[in-house]
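Have a look at the structure below, then the notes.
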Number of protein chains: 4
Amino acid sequence: MTEAAAGSDRYWHTQVSAITPETVYIRGYKLDELIGLPFTATTFLMIKGRLPTPQETKVLDAVLTGVLDYGLEKSGTAAARYVVSCNPHVQAGLAAAALSAGDYGLATENTARFIRDTYAEFKDSGETDMDAFAEKVVAKASAEKQRIPGFGHQVFRYTDPRAQILKQIAVEAGLWDEPVQLYEAVHRAFVKLPKREHFPINDVAVLAAITVAMGFTPEESTALAILGTLPGVIAHISEEFASRKVQRLIPPETVHYDVPQRELKEDLAAAGWDSED
Amino acid sequence: MTEAAAGSDRYWHTQVSAITPETVYIRGYKLDELIGLPFTATTFLMIKGRLPTPQETKVLDAVLTGVLDYGLEKSGTAAARYVVSCNPHVQAGLAAAALSAGDYGLATENTARFIRDTYAEFKDSGETDMDAFAEKVVAKASAEKQRIPGFGHQVFRYTDPRAQILKQIAVEAGLWDEPVQLYEAVHRAFVKLPKREHFPINDVAVLAAITVAMGFTPEESTALAILGTLPGVIAHISEEFASRKVQRLIPPETVHYDVPQRELKEDLAAAGWDSED
Amino acid sequence: MTEAAAGSDRYWHTQVSAITPETVYIRGYKLDELIGLPFTATTFLMIKGRLPTPQETKVLDAVLTGVLDYGLEKSGTAAARYVVSCNPHVQAGLAAAALSAGDYGLATENTARFIRDTYAEFKDSGETDMDAFAEKVVAKASAEKQRIPGFGHQVFRYTDPRAQILKQIAVEAGLWDEPVQLYEAVHRAFVKLPKREHFPINDVAVLAAITVAMGFTPEESTALAILGTLPGVIAHISEEFASRKVQRLIPPETVHYDVPQRELKEDLAAAGWDSED
Amino acid sequence: MTEAAAGSDRYWHTQVSAITPETVYIRGYKLDELIGLPFTATTFLMIKGRLPTPQETKVLDAVLTGVLDYGLEKSGTAAARYVVSCNPHVQAGLAAAALSAGDYGLATENTARFIRDTYAEFKDSGETDMDAFAEKVVAKASAEKQRIPGFGHQVFRYTDPRAQILKQIAVEAGLWDEPVQLYEAVHRAFVKLPKREHFPINDVAVLAAITVAMGFTPEESTALAILGTLPGVIAHISEEFASRKVQRLIPPETVHYDVPQRELKEDLAAAGWDSED
C-alpha cells in the first residue's frame, strides 16, 4: 500500500487485495469489516471492484442459485465422483467438476460473447431497427452454418420455466437492457426457421445475458456458473464418501467392448522388430 | 422420483437432486422456487439436505467471506495466474486454485478433525474437567512431537483479529459449543509451553470450529473454505487476462540456477551405453 | 549458469534445467544432444539427475508399461471421458485422470513408504532375521488394525501374473534387494493369517518395490505410475472425441434416486424465515 | 471380449482395452507380453491402435524428448510448484502442469490443425504449385490479420537449432511429407513479409508437423507434448518437496500493489444499503 506510486514497473500488478501487518484490504476495504455482509455481495465486490446495490446482490443470488442443480445428469458431477472414489480429496473432486464446464455445457461465455458482440455490431452498423438487424444475423448464421448459442433445451419446448423466472428478476432489476433485447429479437427471427419454432431461449442463455448486463466479462460469466454448481458438487462428493464405495468403474453392463485378440510376436515381426529388440 | 422404492440395488444412489420432465428437485424442493433465496442459504440446503435458519445463513456468510482474501500472497492465486497466462480458460485457473488447498494452507479439515476427534475422546473418557483433559492432550502431543493444528499465525501474535470477529458471530448464533470450548481449553494449555505464549487461535481454526459446530464434515469444511476463496481467484484471473501478458515465467532475478554443464558422450559411455544405442 | 555461485539467497533454487541464449541444459546436458536417446532414459535423467544404465532404462520401461491398462475399469479413465465430453480439451481430461490416482488406486507411494520405512526400522532394530522381524510387523499391524499395503488383488489369487513378470525383470537387473526381500518376508508372515492365504503381492506393490530399489521417492513412484497410464487416457479421450457424444451423464438405469418431494413455503416458515426474506 | 458382437447399443463403446479373468488386453495384445517393449512403443500402440515400427518409435522418442525442458521459464512448472507447496500431492502438481498447456504454449494442436487444414485446402484447390498456393495463404492471413502458428521464437532468429535436429530425424524416417513441405512453402512466403525475415519455423511447429505426419490427431499432438514435459514437472515437484518451503507466495518485491484504501460504511450507504442490512 505504501508503495502505491513506486514499483509500477514490477513483474506483477494487482488491484485486488493487499496485506498490511494489521489487516487485509479487499478492493480497498478492511476484510474484518466486510465479514457480516452476504457472501454474494462480497463476491460481487471482489470480482467487479465495487460494492453492489442490494438489488444487484439479489440478482446475483438468482444467477448463482439458478445453476445449482448439478446432479448425476451432469458430466461434472460424474467426473467428481469418479475422481474422489479413488483419490478421497475434496480438492481433486472440485477441480474435476470445474474442468467439466466447457463448450458443451455450463460455459455461458459463448452466449455472453455472442450477445456482447452482436450488440456491438448493431451499434456500429448505424441501424436502429433491432428486428431487421436480427433477421440479417440469423440469415448470415444460417448461410455460414454457424450455431447461435443459447437456443433450445433438451427437455423444454417453446419456453424454459427457469429462464422465465430469471428473466423476471432481471426485468425487475432494470437489467433487461438493449443487448439482451437484441438477443430476443435474434431469437424471434430464429424461430421462424423450419423445425426451430419450439426452441426457447434456455436458462444458460438468460444467465449469460444477465451477467453481461451486470458488466461481467464472458469468462467471469462462466466462472460464476461454475461457482453456482459447486455446492451441488460438494453434496455429491460427500455422498460418494458416505457410500464407502471405492475405485468406481463404468458399470460393465453399459459397455460394448470391441477388442479382438491379436498375436504379439508375429505382429512385432511384421512391424520390423528383430526378436532381439 | 417415480422409482423411489425400486432400484435400490443400482450402482449409484443419490439423495441430492432429481430431474423430472417439468422441473428439477433439489433436496426435494423445486429449483424454480428456490431461485430468490440467498445463494448462501441454497448452498447450505444443497450440502446439508435441509433449509438453514436465517441465523445459520448469516454465520455461513461470515465463514465464506472470512476466507475471501485470496491475494498474491497465496499459493493458489499464483498457480491460477500462471496457468491461465498460458491456457486462457477460466476453468483451468479455478481448478489450479482448488488444487492448491492442502495441508499447508486452507485445508480446514485437519483442524476440524482434531476438534471432532478430541471431543469424542473427551466424552469417551468419562472426564468432566475440560482443562484437565486438555493438559493431557497437549502433553501427549508434545511427547509424540505431534503438531496441534490451528494455533499460531504468520503475522498476528496473541490474538488474530479476524478470528475474534468470527468467534463473536458464532457465539451470537449459539454455535460456540462444547467441542470448540474444549479446543479453547487445549489452546490455554498449549500457550503455557515455552515460546508458545503468543500463539493465537488463528482464523482458519475458528472457521474449522464453526463448520464443525454447524454439522459439516471435515471435507465439507475444506470445500467451503475453497468456495470462499474462488471470487478472489476469479478477480485475479480477470486481472491476468487484462494484463495481456502471456506465458508467465518465474522472474529470473528471483532464481538461483545451480546446473553445472556436463559432457553427454563420455557420461553415456560411463553408464554403459554403446555408441550404437 | 554464469551465476552459479551468486544468488544462492534467492527465493527459488533449481538444479533441474537452465536456459542460455544458445541452448537448454537439462541436468547439465544440452537438450539438442539428448534428442535421440529413448524417452525412458531421458525421463530417468530428468528425475534422478543422472543418466541411467541401459539396464535401468529397461526396468523403467517395464514399470511404465506395467500400468498401461487404463481402461473403463479405472476411475481415472471414466473421469477423463466425462470431463472432455463437456469440455473438449485434452488438457482437462489428462488433469482429471492424474487427479484420480489416490489411496484407493495407483498411488504406489503408500506401498513405497511402507517398504522404505519398514526396512529402516529393521536396520535400526539391530535384528538380522528378516522373517522374525516380519512376524512382528504383521502382528503389530493386526493388533492396531492397520492395513499393510500391496497385498491382495480383485481378480488374482495366490499369484498375480503381471507382478511375477515385473519381479523377474527386477531380479535380472539386480534390483531385488534387501528392502523388498523384507517386504516379501512380511508377505510370508501375512498369508499365515486366517483367510489371507490366497493374497498375492500385487502388481502395484511390485512396481512400488522396484521404484524404491531404483532410488525414486514415494511421490516419484506415484508420478511414474500416473505417467504410465497417460497413453491409455489419451487413447480414451480420442475415442470419446470420435464418439461425437457430448455431455455424458450417468446412465439413468444405473441410478437409484431417493429424493422425496417437499414443500418449500412451509419448510421456510418452519426454519424461521419471514415471508419477506 | 466374449460379447464382441452383442451390446453394440450400449452407452459406452471402447476399442482400447478389455479385462478378462486371466489378463488385460491392450489393443488386443496381452499386457503381460507387452512388458519388455520400450514405453515409447507401447505409448504409440495404445494411442494409434497398432504397433509402431522401430523407426517410428525412434521418431516418437525424439518428439517426447524434444519438449523435455520444462524449467522455471515455463508457466506450467511454476504452477505445479506453487500448488504442491501448499498441497503436497504429486497428482495435484501434475494436473496443474497439464492445465498450463494452451494457446500461449505447448498446445501444438493449433499448428497441427493449420498444417492439416492448409494441405486439405491445397488438395481441394486442384493447384499443384505449392509456392504459389503458399503465397495466397500468407496474403489471406495478412489481409485478415490472422496469425500463422509456429513461426518465430523468443530467443532464436533465422533458425531454431532444436527444430533442425527434429526435422533431420523426421526426414530420415521418411516423415517429411507433402503437408509439412507445404508448411515450409508457407514459411518461405511468410519471411518475405517486412520485419519477418528472421522468423524461423520453431521447435513446437516441427513437433506438430511430425505428429501430423505420424497420423496423430491435433489433440493427441498436444497430449504428447504434455507427456514429454511431465518428467521435468516431476523433477521440479521433487525439488519443491526437498526445499521444505511451504505456502509459496509471489515474492513481494516483484509486485506492484495498487489498492487504495476506502471507507466501507459510507460506500455501503451510497450503494443503497440500510445500516441494518
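Labels for the C-alpha cells follow display order: chains A, B, ..., residues from 1 in each chain, ligands from 1.
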Problem set entry | Contact set, chain A to chain C: 6 Å, only C-alpha atoms, as a PyMOL selection string | chain A and resi 72-75+79+82-83+86-87+92+96+99-105+247-250
Problem set entry | Exercise: stretch 221-230 of chain C partners within 6 Å, only C-alpha atoms, chain neighbours under 5 positions left out, as a ChimeraX atom specification | /C:64,67-68,70,107-109,211
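The set of residues in stretch 1-59 of chain A assigned to strand (DSSP E) by DSSP, using only backbone atoms of this structure, is Trp12, His13, Thr14, Ser17, Ala18, Ile19, Val24, Tyr25, Ile26, Tyr29 and Lys30 of chain A.
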Could you write out the selected residues, including N, CA and C atoms, as a PDB file, in the first residue's frame?
ATOM      1  N   TRP A  12       4.581  -8.116 -11.584  1.00  0.00           N
ATOM      2  CA  TRP A  12       3.164  -8.333 -11.293  1.00  0.00           C
ATOM      3  C   TRP A  12       2.518  -7.020 -10.860  1.00  0.00           C
ATOM      4  N   HIS A  13       1.263  -6.822 -11.256  1.00  0.00           N
ATOM      5  CA  HIS A  13       0.452  -5.696 -10.792  1.00  0.00           C
ATOM      6  C   HIS A  13      -0.847  -6.258 -10.239  1.00  0.00           C
ATOM      7  N   THR A  14      -1.354  -5.655  -9.183  1.00  0.00           N
ATOM      8  CA  THR A  14      -2.673  -6.093  -8.738  1.00  0.00           C
ATOM      9  C   THR A  14      -3.448  -4.965  -8.097  1.00  0.00           C
ATOM     10  N   SER A  17      -6.249  -7.076  -3.896  1.00  0.00           N
ATOM     11  CA  SER A  17      -6.149  -7.056  -2.444  1.00  0.00           C
ATOM     12  C   SER A  17      -4.706  -6.823  -2.043  1.00  0.00           C
ATOM     13  N   ALA A  18      -4.518  -6.411  -0.790  1.00  0.00           N
ATOM     14  CA  ALA A  18      -3.175  -6.191  -0.270  1.00  0.00           C
ATOM     15  C   ALA A  18      -3.204  -6.451   1.229  1.00  0.00           C
ATOM     16  N   ILE A  19      -2.090  -6.927   1.752  1.00  0.00           N
ATOM     17  CA  ILE A  19      -1.994  -7.247   3.170  1.00  0.00           C
ATOM     18  C   ILE A  19      -1.084  -6.234   3.858  1.00  0.00           C
ATOM     19  N   VAL A  24      -6.191  -7.126   6.125  1.00  0.00           N
ATOM     20  CA  VAL A  24      -6.196  -7.395   4.693  1.00  0.00           C
ATOM     21  C   VAL A  24      -7.154  -6.415   4.042  1.00  0.00           C
ATOM     22  N   TYR A  25      -6.719  -5.778   2.981  1.00  0.00           N
ATOM     23  CA  TYR A  25      -7.599  -4.883   2.245  1.00  0.00           C
ATOM     24  C   TYR A  25      -8.101  -5.581   0.991  1.00  0.00           C
ATOM     25  N   ILE A  26      -9.432  -5.716   0.901  1.00  0.00           N
ATOM     26  CA  ILE A  26     -10.077  -6.331  -0.254  1.00  0.00           C
ATOM     27  C   ILE A  26     -10.655  -5.196  -1.076  1.00  0.00           C
ATOM     28  N   TYR A  29     -11.243  -2.243   1.024  1.00  0.00           N
ATOM     29  CA  TYR A  29     -11.975  -2.337   2.298  1.00  0.00           C
ATOM     30  C   TYR A  29     -11.308  -3.344   3.222  1.00  0.00           C
ATOM     31  N   LYS A  30     -11.374  -3.043   4.533  1.00  0.00           N
ATOM     32  CA  LYS A  30     -10.827  -3.980   5.512  1.00  0.00           C
ATOM     33  C   LYS A  30     -11.664  -5.253   5.539  1.00  0.00           C
TER      34      LYS A  30
END
Produce a table with one row for each residue of stretch 104-159 of chain C that has an atom at most 12 Å from any atom of stretch 176-185 of chain C, each row naming the nearest atom pair and its distance in Å at one decimal; use only C-alpha atoms; arrange rows by chain and rising residue number; format as JSON lines.
{"residue": "C:Thr111", "atom": "CA", "partner": "C:Tyr183", "partner_atom": "CA", "distance": 9.7}
{"residue": "C:Ala112", "atom": "CA", "partner": "C:Val180", "partner_atom": "CA", "distance": 9.8}
{"residue": "C:Arg113", "atom": "CA", "partner": "C:Pro179", "partner_atom": "CA", "distance": 11.0}
{"residue": "C:Phe114", "atom": "CA", "partner": "C:Tyr183", "partner_atom": "CA", "distance": 8.6}
{"residue": "C:Ile115", "atom": "CA", "partner": "C:Pro179", "partner_atom": "CA", "distance": 6.2}
{"residue": "C:Arg116", "atom": "CA", "partner": "C:Pro179", "partner_atom": "CA", "distance": 6.7}
{"residue": "C:Asp117", "atom": "CA", "partner": "C:Pro179", "partner_atom": "CA", "distance": 9.2}
{"residue": "C:Thr118", "atom": "CA", "partner": "C:Pro179", "partner_atom": "CA", "distance": 7.9}
{"residue": "C:Tyr119", "atom": "CA", "partner": "C:Pro179", "partner_atom": "CA", "distance": 5.3}
{"residue": "C:Ala120", "atom": "CA", "partner": "C:Pro179", "partner_atom": "CA", "distance": 8.5}
{"residue": "C:Glu121", "atom": "CA", "partner": "C:Pro179", "partner_atom": "CA", "distance": 10.7}
{"residue": "C:Phe122", "atom": "CA", "partner": "C:Leu182", "partner_atom": "CA", "distance": 8.6}
{"residue": "C:Lys123", "atom": "CA", "partner": "C:Pro179", "partner_atom": "CA", "distance": 9.9}
{"residue": "C:Glu127", "atom": "CA", "partner": "C:Leu182", "partner_atom": "CA", "distance": 12.0}
{"residue": "C:Thr128", "atom": "CA", "partner": "C:Leu182", "partner_atom": "CA", "distance": 10.7}
{"residue": "C:Asp129", "atom": "CA", "partner": "C:Leu182", "partner_atom": "CA", "distance": 9.6}
{"residue": "C:Met130", "atom": "CA", "partner": "C:Leu182", "partner_atom": "CA", "distance": 5.9}
{"residue": "C:Asp131", "atom": "CA", "partner": "C:Ala185", "partner_atom": "CA", "distance": 5.4}
{"residue": "C:Ala132", "atom": "CA", "partner": "C:Ala185", "partner_atom": "CA", "distance": 8.7}
{"residue": "C:Phe133", "atom": "CA", "partner": "C:Ala185", "partner_atom": "CA", "distance": 8.5}
{"residue": "C:Ala134", "atom": "CA", "partner": "C:Ala185", "partner_atom": "CA", "distance": 5.8}
{"residue": "C:Glu135", "atom": "CA", "partner": "C:Ala185", "partner_atom": "CA", "distance": 8.2}
{"residue": "C:Lys136", "atom": "CA", "partner": "C:Ala185", "partner_atom": "CA", "distance": 10.9}
{"residue": "C:Val137", "atom": "CA", "partner": "C:Ala185", "partner_atom": "CA", "distance": 10.0}
{"residue": "C:Val138", "atom": "CA", "partner": "C:Ala185", "partner_atom": "CA", "distance": 10.0}
{"residue": "C:Ile148", "atom": "CA", "partner": "C:Tyr183", "partner_atom": "CA", "distance": 10.2}
{"residue": "C:Pro149", "atom": "CA", "partner": "C:Tyr183", "partner_atom": "CA", "distance": 10.4}
{"residue": "C:Gly150", "atom": "CA", "partner": "C:Tyr183", "partner_atom": "CA", "distance": 9.8}
{"residue": "C:Phe151", "atom": "CA", "partner": "C:Glu184", "partner_atom": "CA", "distance": 10.3}
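Interatomic distance, atom CA of A:Arg262 to atom CA of C:Gln164: 22.5 Å.
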Exercise. Which distance in Å separates atom CA of B:Leu34 and atom CA of A:Arg162, to one decimal?
Worked result: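 Taking atom CA of B:Leu34 and atom CA of A:Arg162, their separation equals 10.5 Å.
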Exercise. Residues at most 12 Å from D:Gln168, counting only C-alpha atoms, excluding those fewer than 2 positions away in the same chain, as a PyMOL selection string?
Worked result: (chain C and resi 35-36) or (chain D and resi 59+62+161-166+170-176+206-207+210)
Suppose we keep C-alpha atoms; can you now write the selection as a PDB file, in the first residue's frame?
ATOM      1  CA  ILE C  35      17.322 -35.857 -28.611  1.00  0.00           C
ATOM      2  CA  GLY C  36      17.950 -39.327 -29.954  1.00  0.00           C
TER       3      GLY C  36
ATOM      4  CA  VAL D  59      10.883 -40.563 -34.018  1.00  0.00           C
ATOM      5  CA  ALA D  62      12.661 -37.586 -30.336  1.00  0.00           C
ATOM      6  CA  PRO D 161      18.622 -25.443 -33.648  1.00  0.00           C
ATOM      7  CA  ARG D 162      16.285 -27.888 -31.940  1.00  0.00           C
ATOM      8  CA  ALA D 163      13.814 -27.638 -34.799  1.00  0.00           C
ATOM      9  CA  GLN D 164      16.646 -28.502 -37.183  1.00  0.00           C
ATOM     10  CA  ILE D 165      17.551 -31.662 -35.291  1.00  0.00           C
ATOM     11  CA  LEU D 166      13.945 -32.797 -35.118  1.00  0.00           C
ATOM     12  CA  ALA D 170      11.837 -36.861 -39.430  1.00  0.00           C
ATOM     13  CA  VAL D 171      13.467 -36.642 -42.855  1.00  0.00           C
ATOM     14  CA  GLU D 172      15.493 -39.786 -42.167  1.00  0.00           C
ATOM     15  CA  ALA D 173      12.303 -41.549 -41.127  1.00  0.00           C
ATOM     16  CA  GLY D 174      10.541 -40.544 -44.321  1.00  0.00           C
ATOM     17  CA  LEU D 175       8.054 -38.430 -42.377  1.00  0.00           C
ATOM     18  CA  TRP D 176       8.839 -35.090 -44.010  1.00  0.00           C
ATOM     19  CA  VAL D 206       8.215 -29.093 -36.099  1.00  0.00           C
ATOM     20  CA  LEU D 207       6.833 -31.277 -33.326  1.00  0.00           C
ATOM     21  CA  ILE D 210       5.892 -34.664 -37.172  1.00  0.00           C
TER      22      ILE D 210
END
Exercise. How many Å separate atom CA of B:Ile169 from atom CA of B:Ile234?
Worked result: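 Separation between atom CA of B:Ile169 and atom CA of B:Ile234: 27.1 Å.
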